[in-house]
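J.: Sharing input_19.txt (compact mmCIF, C-alpha atoms) below.
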```
# COMPACT_ATOMS: atom_id res chain seq x y z
CA MET A 219 -0.89 2.73 -13.01
CA ARG A 220 -2.83 3.82 -9.91
CA ALA A 221 -6.09 3.97 -11.87
CA CYS A 222 -5.53 0.44 -13.21
CA SER A 223 -4.81 -0.85 -9.70
CA VAL A 224 -7.90 0.81 -8.28
CA GLU A 225 -10.08 -0.64 -11.02
CA PHE A 226 -8.59 -4.12 -10.63
CA PHE A 227 -9.18 -4.29 -6.88
CA GLN A 228 -12.67 -2.81 -7.16
CA ASP A 229 -13.50 -5.45 -9.78
CA GLU A 230 -12.28 -8.06 -7.29
CA GLY A 231 -14.76 -6.77 -4.70
CA PHE A 232 -12.46 -4.60 -2.58
CA ARG A 233 -13.50 -1.20 -1.32
CA VAL A 234 -10.60 0.99 -2.39
CA LEU A 235 -9.51 4.23 -0.77
CA GLU A 236 -7.34 6.13 -3.22
CA ALA A 237 -4.82 8.83 -2.37
CA ASP A 238 -2.94 11.07 -4.81
CA SER A 239 -0.03 11.78 -2.45
CA GLY A 240 1.68 10.42 0.62
CA GLU A 241 0.09 13.11 2.74
CA ALA A 242 -3.39 12.28 1.41
CA ALA A 243 -2.82 8.61 2.23
CA VAL A 244 -1.81 9.38 5.80
CA GLN A 245 -4.99 11.46 6.24
CA TRP A 246 -6.94 8.18 6.13
CA ILE A 247 -5.34 7.34 9.49
CA GLU A 248 -6.68 10.54 11.02
CA ARG A 249 -10.17 9.67 9.78
CA ASN A 250 -9.94 6.33 11.63
CA THR A 251 -11.08 4.55 8.50
CA LYS A 252 -10.99 0.75 8.75
CA ILE A 253 -8.25 -0.43 6.43
CA ASP A 254 -7.15 -4.04 5.96
CA VAL A 255 -4.30 -3.60 3.46
CA VAL A 256 -2.11 -0.68 2.46
CA PHE A 257 -0.83 -1.02 -1.11
CA THR A 258 1.61 1.78 -1.85
CA ASP A 259 4.10 2.77 -4.47
CA ILE A 260 7.42 3.95 -3.08
CA THR A 261 7.56 7.12 -5.17
CA LEU A 262 4.62 9.37 -4.33
CA ARG A 263 3.69 12.99 -4.88
CA GLY A 264 4.37 15.23 -1.91
CA GLN A 265 6.92 15.05 0.86
CA LEU A 266 6.10 11.51 2.06
CA ASN A 267 7.16 8.40 0.19
CA GLY A 268 5.68 4.91 0.39
CA TRP A 269 8.05 3.91 3.19
CA ASP A 270 6.79 6.87 5.25
CA VAL A 271 3.16 6.02 4.52
CA ALA A 272 3.61 2.40 5.58
CA GLU A 273 5.40 3.38 8.78
CA ALA A 274 2.65 5.87 9.66
CA PHE A 275 -0.08 3.26 9.14
CA ARG A 276 1.84 0.64 11.11
CA ALA A 277 2.37 3.07 14.00
CA LYS A 278 -1.42 3.28 14.26
CA ASN A 279 -2.10 -0.43 13.62
CA SER A 280 0.77 -2.86 14.24
CA GLY A 281 -0.96 -5.76 12.48
CA LEU A 282 -1.89 -3.94 9.28
CA ALA A 283 -0.90 -5.68 6.04
CA ILE A 284 1.49 -3.58 3.91
CA ILE A 285 2.36 -4.17 0.25
CA TYR A 286 4.86 -1.97 -1.58
CA ALA A 287 5.51 -1.60 -5.30
CA SER A 288 8.16 0.23 -7.28
CA GLY A 289 9.67 0.24 -10.74
CA TYR A 290 12.94 1.38 -9.25
CA LEU A 291 14.37 2.18 -5.85
CA THR A 292 16.29 5.34 -5.16
CA LEU A 293 16.19 4.92 -1.41
CA PRO A 294 17.39 2.04 0.77
CA PRO A 295 14.48 -0.33 1.51
CA ARG A 296 12.57 0.32 4.72
CA ILE A 297 10.09 -2.52 4.53
CA VAL A 298 8.06 -2.83 7.73
CA ASP A 299 8.11 -6.19 9.46
CA GLY A 300 5.95 -8.60 7.49
CA GLY A 301 5.54 -6.22 4.55
CA LEU A 302 5.83 -7.47 0.98
CA PHE A 303 7.52 -5.81 -1.98
CA PHE A 304 6.62 -6.18 -5.67
CA THR A 305 8.73 -4.87 -8.54
CA LYS A 306 6.87 -3.16 -11.38
CA PRO A 307 5.52 -4.31 -13.63
CA TYR A 308 3.85 -6.67 -11.20
CA ASP A 309 1.34 -9.42 -11.74
CA TYR A 310 -2.00 -8.24 -10.32
CA GLU A 311 -3.01 -11.80 -9.49
CA LYS A 312 0.10 -12.22 -7.33
CA VAL A 313 -0.63 -8.97 -5.50
CA LEU A 314 -4.22 -10.11 -5.01
CA GLN A 315 -3.05 -13.42 -3.54
CA ALA A 316 -0.69 -11.51 -1.24
CA CYS A 317 -3.61 -9.38 -0.02
CA TYR A 318 -5.59 -12.50 0.83
CA LYS A 319 -2.59 -14.14 2.50
CA LEU A 320 -1.69 -11.10 4.60
CA THR A 321 -5.25 -10.47 5.75
CA SER A 322 -5.98 -14.08 6.66
CA ALA A 323 -2.88 -14.51 8.85
```
As structure tokens, please, write out the structure in this file.
T.:
Amino acid sequence: MRACSVEFFQDEGFRVLEADSGEAAVQWIERNTKIDVVFTDITLRGQLNGWDVAEAFRAKNSGLAIIYASGYLTLPPRIVDGGLFFTKPYDYEKVLQACYKLTSA
């Protein structure tokens, strides 16, 4: 699913930074990489889940757009203020529109 998402957003002209775990995603913060949207699954490899990743990014940048996705939830939702949640399987076009909406606000 991650590979399909990466390919879709690259085809739409986005520069995509891909991480294979929650910890790898959070390392992008330490690199001070400019990021406009965080699109994360809730269930990730490693100790950090998508909620943790979103909270870490938001702690660094309070206005950052956050989009979550999950096929199921085993944890209570911890959606950051203004974040959006999509249930899998999601419509890529709707996620794309959400990216544009969140980054133009």
J.: Please determine, counting only C-alpha atoms, which residue among A:Phe257, A:Trp246, A:Tyr318, A:Phe275 has the shortest atom-to-atom distance to Arg220 in chain A.
T.: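 Among A:Phe257, A:Trp246, A:Tyr318, A:Phe275, it is A:Phe257 that comes nearest to Arg220 in chain A.
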J.: Could you name the residues that touch range 232-240 of chain A at 10 Å or less, counting all atoms listed in the file, but leaving out those on the same chain fewer than 5 positions away, as a list in words?
T.: Arg220, Ala221, Ser223, Val224, Glu225, Phe226, Phe227, Gln245, Trp246, Thr251, Ile253, Val255, Val256, Phe257, Thr258, Asp259, Ile260, Thr261, Leu262, Arg263, Gly264, Gln265, Leu266, Asn267, Gly268, Trp269, Asp270, Val271 and Ala272 of chain A
J.: Kindly indicate which residue among A:Ser280, A:Glu230, A:Glu248, A:Pro295 lies nearest to Val313 in chain A, using all atoms listed in the file for the distances.
T.: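 The shortest atom-to-atom distance to Val313 in chain A comes from A:Glu230.
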J.: So that I can check the surroundings of Phe303 in chain A, please list as a ChimeraX atom specification every protein, DNA and RNA residue that reaches within 9 Å of it, counting all atoms listed in the file and ignoring chain neighbours fewer than 5 positions away.
T.: /A:284-288,297
J.: The selected residues should be written to file as a compact mmCIF listing (two decimals), in the frame of the given file (atoms: C-alpha atoms).
T.:
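Saved to selection.txt:
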```
# COMPACT_ATOMS: atom_id res chain seq x y z
CA ILE A 284 1.49 -3.58 3.91
CA ILE A 285 2.36 -4.17 0.25
CA TYR A 286 4.86 -1.97 -1.58
CA ALA A 287 5.51 -1.60 -5.30
CA SER A 288 8.16 0.23 -7.28
CA ILE A 297 10.09 -2.52 4.53
```
J.: Nearest residue to Ser322 in chain A out of A:Leu291, A:Asp254, A:Phe304, A:Asp309, using only C-alpha atoms?
T.: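 Of all the options, A:Asp254 lies closest to Ser322 in chain A.
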J.: Report, in Å with one decimal, the straight-line distance from CA of Leu302 in chain A to CA of Tyr290 in chain A.
T.: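 We find that CA of Leu302 in chain A and CA of Tyr290 in chain A lie 15.3 Å from each other.
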